[in-house]
Amino acid sequence: MWDQRYAVDEYIYGTEPNSFLAEHAEMLRGPVLSLAEGEGRNGVFLASLGLKVHGVDGSNVGLVKAQALARSRGVEIQTEVADLGVFEPVANYYGSVVSIFAHLPSAIREKLYPLVERCLKPSGIILLEAYSEDQLVCDTGGPKDADMLMTLAKVEQEFPNCEPILLRKLEREVCEGIYHNGVASVVQFIGRKKP
Ligand SMILES: C[S@@+](CC[C@H](N)C(=O)[O-])C[C@H]1O[C@@H](n2cnc3c(N)ncnc32)[C@H](O)[C@@H]1O
């Protein structure tokens, strides 16, 4: 499905970074693991700030576009095609993990998020933005499956080893490509790995 969606010339989520990420990027340290990197807009932005970036996504078509975007901006990012359901990041290695609109079924999150916490160095940062369950009734983007959407309680339960620095649900205008367009309900989370 994602390979098909990305198989067009345009960048369907745009080439500019997610705005929540851009607002808080100064908190991030490298190396950065970017989950569900897609067409590269977020990883390329972070690389342009001088951060080492490892972007992982299931779509080879998306990541080929990510590498093209990186070349066009004169930066380098590492990309890896992998299913996040079986992906095992190196433990205690990353300064930050970024997860932007990486909507995954709970069965995958249950396996992946403990590994995300494990892959962070002490005091490492997780930054996540996802559509909330309230987005189910909106037609401005996101999957129509509550299991893949977030709530504040899910974040707290699924990242028990990260102290929230910021955790909120809000409605905001998301104008990030043709599939994410309009006022939407999102969950935003920045957490620091507990010592
Ligand atoms: C809504 S897009 C967001 C892309 C990017 N984070 C952005 O903000 O532009 C969701 C991404 O999740 C990826 N994805 C979904 N399920 C996945 C899985 N099980 N393993 C790896 N990638 C997955 C898709 O390939 C797609 O690139």
# chains A, B, ... in the order shown; residues from 1 in each chain; ligands from 1
>>> residues_around(residues="A:Leu33", least_positions_apart="5", cutoff="8 Å", atoms="only C-alpha atoms", output="JSON list (two decimals) with N, CA and C atoms, in the first residue's frame")
[["chain", "number", "residue", "atom", "x", "y", "z"],
["A", 53, "VAL", "N", 21.42, 10.66, 11.15],
["A", 53, "VAL", "CA", 20.04, 10.16, 11.08],
["A", 53, "VAL", "C", 20.00, 8.77, 10.49],
["A", 54, "HIS", "N", 19.23, 7.89, 11.14],
["A", 54, "HIS", "CA", 18.96, 6.55, 10.64],
["A", 54, "HIS", "C", 17.45, 6.45, 10.47],
["A", 55, "GLY", "N", 17.00, 6.47, 9.21],
["A", 55, "GLY", "CA", 15.57, 6.43, 8.94],
["A", 55, "GLY", "C", 15.15, 5.03, 8.51],
["A", 56, "VAL", "N", 14.12, 4.52, 9.17],
["A", 56, "VAL", "CA", 13.65, 3.16, 8.90],
["A", 56, "VAL", "C", 12.21, 3.23, 8.41],
["A", 94, "TYR", "N", 21.14, 5.30, 20.51],
["A", 94, "TYR", "CA", 20.60, 6.53, 19.93],
["A", 94, "TYR", "C", 20.44, 7.63, 20.99],
["A", 96, "SER", "N", 18.29, 10.06, 20.29],
["A", 96, "SER", "CA", 16.87, 10.42, 20.14],
["A", 96, "SER", "C", 16.18, 9.43, 19.20],
["A", 97, "VAL", "N", 14.88, 9.29, 19.42],
["A", 97, "VAL", "CA", 14.02, 8.54, 18.50],
["A", 97, "VAL", "C", 12.86, 9.47, 18.12],
["A", 98, "VAL", "N", 12.57, 9.50, 16.83],
["A", 98, "VAL", "CA", 11.50, 10.35, 16.32],
["A", 98, "VAL", "C", 10.45, 9.47, 15.68]]
>>> residues_around(residues="A:Leu167", least_positions_apart="4", cutoff="12 Å", atoms="only C-alpha atoms", output="MDAnalysis selection string")
chainID A and resid 126:130 150:156 159 162:163 186:192
>>> residues_near_ligand(ligand="ligand 1", cutoff="8 Å", atoms="only C-alpha atoms and all ligand atoms", output="number ranges by chain")
A: 2-3, 13-14, 17-18, 34-42, 56-59, 62, 81-85, 99-104, 108, 142, 176
>>> closest_residue(among="A:Ala184, A:Leu166, A:Ser123, A:Leu149", to="A:His24", atoms="only C-alpha atoms")
A:Leu166
>>> select_by_dssp(residues="stretch 50-149 of chain A", states="alpha helix (DSSP H)", output="PyMOL selection string")
chain A and resi 60-73+106-119
>>> residues_around(residues="A:Ser185", least_positions_apart="5", cutoff="10 Å", atoms="only C-alpha atoms", output="list in words")
Ala130, Tyr131, Ser132, Glu133, Asp134, Gln135, Leu136, Val137, Cys138, Thr140, Gly141, Gly142, Met150, Lys169, Leu170, Glu171, Arg172, Glu173 and Val174 of chain A
>>> write_last_selection(atoms="C-alpha atoms", output="PDB file, in the first residue's frame")
ATOM      1  CA  ALA A 130       0.372  10.842  16.023  1.00  0.00           C
ATOM      2  CA  TYR A 131      -3.287  11.310  15.303  1.00  0.00           C
ATOM      3  CA  SER A 132      -5.453  10.708  18.356  1.00  0.00           C
ATOM      4  CA  GLU A 133      -8.455   8.393  18.576  1.00  0.00           C
ATOM      5  CA  ASP A 134     -10.625  11.521  18.247  1.00  0.00           C
ATOM      6  CA  GLN A 135      -9.393  11.796  14.678  1.00  0.00           C
ATOM      7  CA  LEU A 136     -11.562   8.774  13.739  1.00  0.00           C
ATOM      8  CA  VAL A 137     -14.505  11.047  12.981  1.00  0.00           C
ATOM      9  CA  CYS A 138     -12.450  13.564  10.977  1.00  0.00           C
ATOM     10  CA  THR A 140      -8.310  15.279   7.528  1.00  0.00           C
ATOM     11  CA  GLY A 141      -5.926  12.302   7.668  1.00  0.00           C
ATOM     12  CA  GLY A 142      -4.865   9.194   9.553  1.00  0.00           C
ATOM     13  CA  MET A 150      -3.026   7.262  20.085  1.00  0.00           C
ATOM     14  CA  LYS A 169      -3.656  16.082  23.060  1.00  0.00           C
ATOM     15  CA  LEU A 170      -4.734  19.027  20.979  1.00  0.00           C
ATOM     16  CA  GLU A 171      -6.497  20.066  17.821  1.00  0.00           C
ATOM     17  CA  ARG A 172      -4.247  21.748  15.350  1.00  0.00           C
ATOM     18  CA  GLU A 173      -4.086  22.595  11.688  1.00  0.00           C
ATOM     19  CA  VAL A 174      -1.919  19.981   9.971  1.00  0.00           C
TER      20      VAL A 174
END
>>> residues_around(residues="stretch 50-52 of chain A", least_positions_apart="3", cutoff="9 Å", atoms="only C-alpha atoms", output="PyMOL selection string")
chain A and resi 28-33+43+46-47+75-78
>>> write_last_selection(atoms="C-alpha atoms", output="PDB file, in the first residue's frame")
ATOM      1  CA  LEU A  28      17.280  16.237  20.032  1.00  0.00           C
ATOM      2  CA  ARG A  29      20.714  14.642  20.124  1.00  0.00           C
ATOM      3  CA  GLY A  30      22.177  12.207  17.645  1.00  0.00           C
ATOM      4  CA  PRO A  31      22.264   9.627  16.411  1.00  0.00           C
ATOM      5  CA  VAL A  32      18.546   9.949  15.663  1.00  0.00           C
ATOM      6  CA  LEU A  33      16.431   6.908  14.827  1.00  0.00           C
ATOM      7  CA  GLY A  43      15.284  12.900   8.494  1.00  0.00           C
ATOM      8  CA  LEU A  46      17.425  16.727  11.096  1.00  0.00           C
ATOM      9  CA  ALA A  47      20.516  15.959   9.010  1.00  0.00           C
ATOM     10  CA  VAL A  75      23.039  16.098   3.298  1.00  0.00           C
ATOM     11  CA  GLU A  76      23.441  12.399   4.074  1.00  0.00           C
ATOM     12  CA  ILE A  77      21.024  10.118   5.879  1.00  0.00           C
ATOM     13  CA  GLN A  78      21.181   6.388   6.490  1.00  0.00           C
TER      14      GLN A  78
END
>>> decode(residues="stretch 122-135 of chain A", atoms="N, CA and C atoms", output="JSON list (two decimals), in the first residue's frame")
[["chain", "number", "residue", "atom", "x", "y", "z"],
["A", 122, "PRO", "N", 20.96, 6.67, 28.07],
["A", 122, "PRO", "CA", 20.36, 7.32, 29.24],
["A", 122, "PRO", "C", 20.10, 8.80, 28.96],
["A", 123, "SER", "N", 18.93, 9.25, 29.37],
["A", 123, "SER", "CA", 18.48, 10.64, 29.13],
["A", 123, "SER", "C", 18.17, 10.93, 27.66],
["A", 124, "GLY", "N", 18.17, 9.89, 26.83],
["A", 124, "GLY", "CA", 17.80, 10.07, 25.43],
["A", 124, "GLY", "C", 16.35, 10.50, 25.31],
["A", 125, "ILE", "N", 16.02, 11.07, 24.16],
["A", 125, "ILE", "CA", 14.71, 11.71, 23.96],
["A", 125, "ILE", "C", 13.89, 10.94, 22.92],
["A", 126, "ILE", "N", 12.61, 10.71, 23.25],
["A", 126, "ILE", "CA", 11.65, 10.24, 22.24],
["A", 126, "ILE", "C", 10.72, 11.40, 21.93],
["A", 127, "LEU", "N", 10.53, 11.66, 20.66],
["A", 127, "LEU", "CA", 9.59, 12.71, 20.22],
["A", 127, "LEU", "C", 8.59, 12.05, 19.28],
["A", 128, "LEU", "N", 7.32, 12.14, 19.62],
["A", 128, "LEU", "CA", 6.27, 11.45, 18.86],
["A", 128, "LEU", "C", 5.10, 12.39, 18.60],
["A", 129, "GLU", "N", 4.61, 12.38, 17.39],
["A", 129, "GLU", "CA", 3.31, 12.99, 17.10],
["A", 129, "GLU", "C", 2.50, 11.97, 16.30],
["A", 130, "ALA", "N", 1.26, 11.78, 16.72],
["A", 130, "ALA", "CA", 0.37, 10.84, 16.02],
["A", 130, "ALA", "C", -1.05, 11.37, 16.11],
["A", 131, "TYR", "N", -1.88, 10.97, 15.19],
["A", 131, "TYR", "CA", -3.29, 11.31, 15.30],
["A", 131, "TYR", "C", -3.88, 10.59, 16.51],
["A", 132, "SER", "N", -4.80, 11.29, 17.17],
["A", 132, "SER", "CA", -5.45, 10.71, 18.36],
["A", 132, "SER", "C", -6.69, 9.91, 17.93],
["A", 133, "GLU", "N", -7.23, 9.16, 18.86],
["A", 133, "GLU", "CA", -8.46, 8.39, 18.58],
["A", 133, "GLU", "C", -9.60, 9.31, 18.17],
["A", 134, "ASP", "N", -9.56, 10.58, 18.62],
["A", 134, "ASP", "CA", -10.62, 11.52, 18.25],
["A", 134, "ASP", "C", -10.62, 11.82, 16.75],
["A", 135, "GLN", "N", -9.52, 11.52, 16.10],
["A", 135, "GLN", "CA", -9.39, 11.80, 14.68],
["A", 135, "GLN", "C", -10.24, 10.83, 13.83]]
